[in-house]
Amino acid sequence: MNHRTDSYFPAEVERKWQARWDEEGTNTYTDAELRSTGGNGEPFFNLMMFPYPSAEGLHVGNIYAFTGADIYGRYQRLRGRDVFEPIGFDAFGIHSENFALKVGTHPMELIPRNVERFTRQLRRVGFMYDWNHQVDTTTPDYYRWTQWLFLQLYKAGIAVKKEAPVNWCPGCNTVLANEQVIAGECERCGSAVELRNLSQWFFRITDYAERLLANLDWLDWSDTTKRMQANWIGRSDGAEVSFPVVGHGESSVRVFTTRPDTLFGATYMVLAPEHPLVETIAAPAHADAVERYRAAVAATDLVNRKKTDKEKTGVDTGARALNPATGEEIPIWIADYVLMEYGTGAIMAVPAHDQRDFEFARKFELPIRRVIAGADDAPDTPLDEAYSGEGTLVNSGRFDGMDSEEAKREVTATLEERGLASVKVNYRLHDWCISRQRYWGPPIPILYCDSCGALPVPEEQLPVILPRIADYKPDASGVSPLARHSEWYLTECPGCGEEARRETDVSDTFLDSSWYFLRYPSAGNEELPFDPQLTRQWLPVDMYIGGNEHAVLHLLYSRFITMVLKDLGHIDFEEPFARFRAHGLIVKDGTKMSKSRGNVVVPDEYIEEYGADTFRTYLMFIGPYQEGGDFREAGITGPYNFLNRLWDAVLSAEERPLDAEVEQKLHATIKKCTEDLEALSYNTAIAAMMEYLNVVRAGGRVPELAAVEPFVVMVAPFAPHLAEELWERLGRSGSIFDAAEWPSFDPAKAIADEVEFVVQVNGKLRARMPMARGITEQDARTAALDDPNVQRFIEGKPVRKTIFVPDRLVNLVVG
RNA sequence: GCCCGGGUGGUGAAACCGGUAGACACAUCGGACUUAAAAUCCGAAGGCGCGAGCCGUGCGGGUUCGAAUCCCGCCCCGGGCACCA
């Protein structure tokens, strides 16, 4: 690799400043300072998603995410804010545990080692972290409060244990939250997830669905992230309708539909095979077939159950229901395309207007009746596929001729009067299953006593310490490895003093990360999870930057937990992150970096070779931060040369009045950089600085001191070490981040006096000419008509029309 | 299937609100310096054409004096959701 060796030695400069930051506490607050918010400005909580400390060490994706966030934090600090920028480690969970099992090292040894290595790497990149306030979710000092949090939810009735169909991963031997199942597969190991009826701990996040959705309207978050959350919550507006079961007295099948306007077209019904009503209503002659089908469905995993391209299956129960609109008797079937988890677990089938029902009806020769006519089709033509759009009602009695939208309301209202329907909203969101039959997590702080039942562990007994056990490998038994250790789980009942058993499940990792931002300012506090005064001062988080892979998981759970804590009176805000920006993904050769593809970039070598400042600047220069980019080895020399040239320019600068052209460019660059940093548009900010440097050094000229001094401040968020060193060599004292102010610009000076004017004839470029800024249309037109090339294209024809864009162009329309 | 984001030179990319397409870089080529190389500095460069010029932002239409940008219809890539009733 080729090197400059003359003057700038990044590794040396960077080590010097990293050591000095530590010695002088440049980036850290003492607890007292944090409490007084520094005193020279407003607090700014700059948060980034804390990493999972993998054994492979910090990867480029981490550095990319953190650099973009760190630049924003350093920029805010230069603008005078008191910036709190903490970091921590999200080290519990299946990921760590699986790796520990694979290498045969106990997680209690593995994790501290990984954390140590991550810490070393993070320091080397020069992030502005407050190392006095870090958190590690696996320390008893932290998970004590995670358990406390569980108890608050338990006491409020939000954490409940219930039997329900849950996602069981046969690879990881544990249940999973819905959010952790991707297309029927475990997000960790890719195994096909099975549905099992198990008693598990749930958080009732569905009670918060509407608030979680509604607040998205005003949150200042990336649109992509908000959209993903909204889709995940998945609100559907419709009606719940009762279909009386023929010959079963009062019993009826309740269905949820978003299309009550199609009710007249409901020619049969389908229950989920698991539906409890099946047993009571199935006709004796059909009972055997029904039982066989139910057993077959119970044996299928989620991947196969939820495949949309397979042929529909189902059986007739022999029971019949009354369509409340037509009064007709319609058959009740069971089929696995109807899911027990959504709505009521039963549907009214309208084959003419729902593709799934259409396919089912075709296969089993059930009647298809059109009740909606589209804008321009004849309602009598037979259908090749369901018409699922809206339209005008037909074959619908007194509703004929009404349009869908009105009919939805009218049909529902009519049935409502008869007590057969009600307006209903459904959400795709499920309750959050938080128990895991694994080892590496905080034990759920619940006790079971034969006489007193389930009891919370008294708060003063927290933390319930996770014991060190050797046989922490999970099995298919459905219970945690902790259940093999009676010496741990047998304890005294706080109610009656008799023997009680501890809950042996641990909680989901996402519970650890759902509140870590609240802990940061209070890290180390042994009395409280989060100090009320510090929380008021520093929260909610001012800026949160992270990846969209957590749009539904961490970000949703954090919002939920924050709402709960507000409702329980622990905090006074309900949204944890005032601003959130999602960064893009850094890829290599157009594909995601992964070990299996063999295209993982190891950052350490680049940092040693070129320095952290270069690496940071390079990553930000690759492409738009919020879109990501393609890592190319060769590209790093651009930013490397830039920083070297900047170094030379600053150190060779002399005291002398600013050249007018340089001054204009300086103001324009400050303006551009300021706007771009606000918008996280780092790649264009760097390009603007490069352009400015090209002007400052044009033709090998000696730069003016006044041209380079503000430059050092502008580059500081990107290349903090270099900036500190240059600041010192310019004879300034103190850290640039404390002593310097972000440069300001004069809008009048940011624009040039002379502009290059474009002359078009019939919209085609025919001439360019320098003109004074602010030139009038008349003068511009006269100058344009004077140009020989313009005349040539006008060919003596009359100018029919002139388009004038001030300071930009004249377009002469002829012919 | 539905909902997003994207498609611009050899490459990464830029382009405010519809107004010079390709800024800034990488790689390339040429030059200076050097015994030589590296480093550094200066310069060239979308394609076609000797040239005036013509063509050019995934494809096909449209609106407009003027379209990478707006509208309609497609294709491809990436992401999210998905028998969600």
# chains A, B, ... in the order shown; residues from 1 in each chain; ligands from 1
call {"tool": "closest_atom_pairs", "arguments": {"of": "chain B", "to": "chain A", "cutoff": "10 Å", "atoms": "only C-alpha atoms (C1' of nucleotides)", "output": "JSON lines"}}
result
{"residue": "B:G1", "atom": "C1'", "partner": "A:Thr308", "partner_atom": "CA", "distance": 9.5}
{"residue": "B:C3", "atom": "C1'", "partner": "A:Asn231", "partner_atom": "CA", "distance": 8.2}
{"residue": "B:C4", "atom": "C1'", "partner": "A:Thr224", "partner_atom": "CA", "distance": 7.0}
{"residue": "B:G5", "atom": "C1'", "partner": "A:Thr224", "partner_atom": "CA", "distance": 8.5}
{"residue": "B:G6", "atom": "C1'", "partner": "A:Glu627", "partner_atom": "CA", "distance": 9.6}
{"residue": "B:U11", "atom": "C1'", "partner": "A:Arg632", "partner_atom": "CA", "distance": 9.2}
{"residue": "B:G12", "atom": "C1'", "partner": "A:Ile622", "partner_atom": "CA", "distance": 6.2}
{"residue": "B:A13", "atom": "C1'", "partner": "A:Gly623", "partner_atom": "CA", "distance": 6.6}
{"residue": "B:A14", "atom": "C1'", "partner": "A:Thr684", "partner_atom": "CA", "distance": 7.8}
{"residue": "B:G19", "atom": "C1'", "partner": "A:Leu809", "partner_atom": "CA", "distance": 7.0}
{"residue": "B:U20", "atom": "C1'", "partner": "A:Val758", "partner_atom": "CA", "distance": 6.2}
{"residue": "B:A23", "atom": "C1'", "partner": "A:Ala687", "partner_atom": "CA", "distance": 8.2}
{"residue": "B:C24", "atom": "C1'", "partner": "A:Ala687", "partner_atom": "CA", "distance": 4.5}
{"residue": "B:A25", "atom": "C1'", "partner": "A:Gly638", "partner_atom": "CA", "distance": 5.7}
{"residue": "B:C26", "atom": "C1'", "partner": "A:Gly635", "partner_atom": "CA", "distance": 5.0}
{"residue": "B:A27", "atom": "C1'", "partner": "A:Ala634", "partner_atom": "CA", "distance": 8.0}
{"residue": "B:A38", "atom": "C1'", "partner": "A:Asn2", "partner_atom": "CA", "distance": 7.5}
{"residue": "B:A39", "atom": "C1'", "partner": "A:Arg4", "partner_atom": "CA", "distance": 6.0}
{"residue": "B:U40", "atom": "C1'", "partner": "A:Arg4", "partner_atom": "CA", "distance": 9.1}
{"residue": "B:C41", "atom": "C1'", "partner": "A:Gly700", "partner_atom": "CA", "distance": 7.8}
{"residue": "B:C42", "atom": "C1'", "partner": "A:Gly699", "partner_atom": "CA", "distance": 8.1}
{"residue": "B:C65", "atom": "C1'", "partner": "A:Val813", "partner_atom": "CA", "distance": 6.0}
{"residue": "B:G66", "atom": "C1'", "partner": "A:Gly763", "partner_atom": "CA", "distance": 4.9}
{"residue": "B:G78", "atom": "C1'", "partner": "A:Thr591", "partner_atom": "CA", "distance": 9.5}
{"residue": "B:G79", "atom": "C1'", "partner": "A:Asn548", "partner_atom": "CA", "distance": 9.5}
{"residue": "B:G80", "atom": "C1'", "partner": "A:Met228", "partner_atom": "CA", "distance": 6.6}
{"residue": "B:C81", "atom": "C1'", "partner": "A:Asn231", "partner_atom": "CA", "distance": 7.1}
{"residue": "B:A82", "atom": "C1'", "partner": "A:Ala183", "partner_atom": "CA", "distance": 8.2}
{"residue": "B:C83", "atom": "C1'", "partner": "A:Tyr337", "partner_atom": "CA", "distance": 4.9}
{"residue": "B:C84", "atom": "C1'", "partner": "A:Arg428", "partner_atom": "CA", "distance": 6.2}
{"residue": "B:A85", "atom": "C1'", "partner": "A:Thr257", "partner_atom": "CA", "distance": 5.8}
call {"tool": "select_by_dssp", "arguments": {"residues": "segment 421-577 of chain A", "states": "alpha helix (DSSP H)", "output": "ChimeraX atom specification"}}
result
/A:486-489,509-512,516-519,532-538,554-567
call {"tool": "atom_distance", "arguments": {"atom1": "atom CA of Arg729 of chain A", "atom2": "atom CA of Val650 of chain A"}}
result
9.1 Å
call {"tool": "select_by_dssp", "arguments": {"residues": "segment 42-263 of chain A", "states": "strand (DSSP E or B)", "output": "PyMOL selection string"}}
result
chain A and resi 43-48+82-84+88-89+135-136+159-169+174-176+181-182+185-186+192+194-203+220-221+235-245+252-257
call {"tool": "residues_around", "arguments": {"residues": "U8 of chain B", "least_positions_apart": "4", "cutoff": "12 Å", "atoms": "only C-alpha atoms (C1' of nucleotides)", "output": "count of residues only"}}
result
11
call {"tool": "closest_residue", "arguments": {"among": "A:Asp753, A:Asp604, A:Glu116, A:Asp738", "to": "Asn27 of chain A", "atoms": "only C-alpha atoms"}}
result
A:Asp738
call {"tool": "residues_around", "arguments": {"residues": "Phe530 of chain A", "least_positions_apart": "5", "cutoff": "7 Å", "atoms": "only C-alpha atoms (C1' of nucleotides)", "output": "PyMOL selection string"}}
result
chain A and resi 518-519+522+535
call {"tool": "atom_distance", "arguments": {"atom1": "atom CA of Leu393 of chain A", "atom2": "atom CA of Glu405 of chain A"}}
result
10.1 Å
call {"tool": "atom_distance", "arguments": {"atom1": "atom CA of Arg645 of chain A", "atom2": "atom CA of Ile63 of chain A"}}
result
24.6 Å
call {"tool": "closest_residue", "arguments": {"among": "A:Arg766, A:Phe9, A:Gly478, A:Gly774", "to": "Asp787 of chain A", "atoms": "only C-alpha atoms"}}
result
A:Arg766
call {"tool": "residues_around", "arguments": {"residues": "Tyr448 of chain A", "least_positions_apart": "3", "cutoff": "12 Å", "atoms": "only C-alpha atoms (C1' of nucleotides)", "output": "VMD selection string"}}
result
chain A and resid 444 to 445 451 to 457 489 to 496 498 to 504
call {"tool": "decode", "arguments": {"residues": "chain B", "atoms": "C-alpha atoms (C1' of nucleotides)", "output": "PDB file, in the first residue's frame"}}
result
ATOM      1  C1'   G B   1     -49.966 -10.368  -4.300  1.00  0.00           C
ATOM      2  C1'   C B   2     -49.690  -5.556  -1.296  1.00  0.00           C
ATOM      3  C1'   C B   3     -46.621  -1.254   0.671  1.00  0.00           C
ATOM      4  C1'   C B   4     -41.954   1.428   0.370  1.00  0.00           C
ATOM      5  C1'   G B   5     -36.986   2.785  -1.723  1.00  0.00           C
ATOM      6  C1'   G B   6     -33.966   2.727  -6.059  1.00  0.00           C
ATOM      7  C1'   G B   7     -32.250   2.332 -11.568  1.00  0.00           C
ATOM      8  C1'   U B   8     -27.706   8.564 -13.982  1.00  0.00           C
ATOM      9  C1'   G B   9     -20.195   7.793 -17.221  1.00  0.00           C
ATOM     10  C1'   G B  10     -15.399   2.477 -16.466  1.00  0.00           C
ATOM     11  C1'   U B  11     -16.788   2.891 -10.706  1.00  0.00           C
ATOM     12  C1'   G B  12     -19.011   5.400  -5.939  1.00  0.00           C
ATOM     13  C1'   A B  13     -22.070   9.276  -6.736  1.00  0.00           C
ATOM     14  C1'   A B  14     -24.122  14.963  -7.426  1.00  0.00           C
ATOM     15  C1'   A B  15     -28.162  17.951  -9.363  1.00  0.00           C
ATOM     16  C1'   C B  16     -32.487  23.552  -4.659  1.00  0.00           C
ATOM     17  C1'   C B  17     -39.167  24.022  -5.949  1.00  0.00           C
ATOM     18  C1'   G B  18     -39.227  21.492 -13.541  1.00  0.00           C
ATOM     19  C1'   G B  19     -34.066  25.385 -15.612  1.00  0.00           C
ATOM     20  C1'   U B  20     -26.098  24.274 -17.765  1.00  0.00           C
ATOM     21  C1'   A B  21     -26.903  16.423 -16.498  1.00  0.00           C
ATOM     22  C1'   G B  22     -22.395  14.044 -14.463  1.00  0.00           C
ATOM     23  C1'   A B  23     -20.306  18.455  -8.897  1.00  0.00           C
ATOM     24  C1'   C B  24     -16.898  15.786  -5.506  1.00  0.00           C
ATOM     25  C1'   A B  25     -14.021  11.461  -5.623  1.00  0.00           C
ATOM     26  C1'   C B  26     -11.912   6.549  -7.312  1.00  0.00           C
ATOM     27  C1'   A B  27      -9.764   4.147 -11.334  1.00  0.00           C
ATOM     28  C1'   U B  28      -7.604   5.585 -16.206  1.00  0.00           C
ATOM     29  C1'   C B  29      -4.591   8.537 -19.555  1.00  0.00           C
ATOM     30  C1'   G B  30      -1.043  12.632 -20.485  1.00  0.00           C
ATOM     31  C1'   G B  31       2.524  16.149 -18.432  1.00  0.00           C
ATOM     32  C1'   A B  32       6.010  18.252 -14.502  1.00  0.00           C
ATOM     33  C1'   C B  33       9.577  16.792 -10.665  1.00  0.00           C
ATOM     34  C1'   U B  34      13.083  12.313 -10.231  1.00  0.00           C
ATOM     35  C1'   U B  35      19.049   8.598 -12.339  1.00  0.00           C
ATOM     36  C1'   A B  36      14.484   5.621 -11.584  1.00  0.00           C
ATOM     37  C1'   A B  37      10.195   4.435  -8.871  1.00  0.00           C
ATOM     38  C1'   A B  38       6.852   5.964  -5.125  1.00  0.00           C
ATOM     39  C1'   A B  39       4.748  10.234  -3.177  1.00  0.00           C
ATOM     40  C1'   U B  40       3.381  15.126  -4.747  1.00  0.00           C
ATOM     41  C1'   C B  41       1.752  18.854  -8.239  1.00  0.00           C
ATOM     42  C1'   C B  42      -0.651  20.309 -13.100  1.00  0.00           C
ATOM     43  C1'   G B  43      -3.999  18.740 -16.910  1.00  0.00           C
ATOM     44  C1'   A B  44      -7.592  15.511 -19.959  1.00  0.00           C
ATOM     45  C1'   A B  45     -11.802  12.672 -19.907  1.00  0.00           C
ATOM     46  C1'   G B  46     -20.301  10.642 -20.982  1.00  0.00           C
ATOM     47  C1'   G B  47     -20.883   8.409 -26.213  1.00  0.00           C
ATOM     48  C1'   C B  48     -20.485   9.436 -31.571  1.00  0.00           C
ATOM     49  C1'   G B  49     -18.137  13.032 -34.813  1.00  0.00           C
ATOM     50  C1'   C B  50     -12.107  16.256 -37.795  1.00  0.00           C
ATOM     51  C1'   G B  51     -15.775  19.914 -36.786  1.00  0.00           C
ATOM     52  C1'   A B  52     -20.357  23.103 -36.377  1.00  0.00           C
ATOM     53  C1'   G B  53     -23.090  19.588 -33.906  1.00  0.00           C
ATOM     54  C1'   C B  54     -25.980  15.198 -32.743  1.00  0.00           C
ATOM     55  C1'   C B  55     -27.276  11.597 -29.016  1.00  0.00           C
ATOM     56  C1'   G B  56     -27.532  10.600 -23.787  1.00  0.00           C
ATOM     57  C1'   U B  57     -30.358   9.784 -16.657  1.00  0.00           C
ATOM     58  C1'   G B  58     -33.985   1.424 -17.073  1.00  0.00           C
ATOM     59  C1'   C B  59     -38.072   0.972 -21.366  1.00  0.00           C
ATOM     60  C1'   G B  60     -42.615   3.116 -24.083  1.00  0.00           C
ATOM     61  C1'   G B  61     -45.908   7.184 -24.224  1.00  0.00           C
ATOM     62  C1'   G B  62     -47.614  12.129 -22.352  1.00  0.00           C
ATOM     63  C1'   U B  63     -47.598  17.296 -20.156  1.00  0.00           C
ATOM     64  C1'   U B  64     -44.228  21.704 -20.784  1.00  0.00           C
ATOM     65  C1'   C B  65     -40.682  26.978 -23.846  1.00  0.00           C
ATOM     66  C1'   G B  66     -37.806  23.365 -21.083  1.00  0.00           C
ATOM     67  C1'   A B  67     -38.242  16.686 -17.766  1.00  0.00           C
ATOM     68  C1'   A B  68     -33.109  12.681 -14.210  1.00  0.00           C
ATOM     69  C1'   U B  69     -37.101  15.557 -11.690  1.00  0.00           C
ATOM     70  C1'   C B  70     -44.268  15.797 -12.971  1.00  0.00           C
ATOM     71  C1'   C B  71     -48.334  12.228 -15.144  1.00  0.00           C
ATOM     72  C1'   C B  72     -49.822   7.260 -17.459  1.00  0.00           C
ATOM     73  C1'   G B  73     -48.247   2.176 -18.769  1.00  0.00           C
ATOM     74  C1'   C B  74     -44.242  -1.402 -18.212  1.00  0.00           C
ATOM     75  C1'   C B  75     -39.214  -3.864 -16.931  1.00  0.00           C
ATOM     76  C1'   C B  76     -35.323  -4.791 -13.416  1.00  0.00           C
ATOM     77  C1'   C B  77     -32.886  -4.473  -8.398  1.00  0.00           C
ATOM     78  C1'   G B  78     -33.223  -3.845  -2.926  1.00  0.00           C
ATOM     79  C1'   G B  79     -36.246  -3.765   1.610  1.00  0.00           C
ATOM     80  C1'   G B  80     -40.773  -4.651   4.486  1.00  0.00           C
ATOM     81  C1'   C B  81     -45.421  -7.347   4.927  1.00  0.00           C
ATOM     82  C1'   A B  82     -48.123 -11.551   3.402  1.00  0.00           C
ATOM     83  C1'   C B  83     -53.878 -17.130   3.216  1.00  0.00           C
ATOM     84  C1'   C B  84     -54.439 -10.721   8.432  1.00  0.00           C
ATOM     85  C1'   A B  85     -60.434 -11.875   6.323  1.00  0.00           C
TER      86        A B  85
END
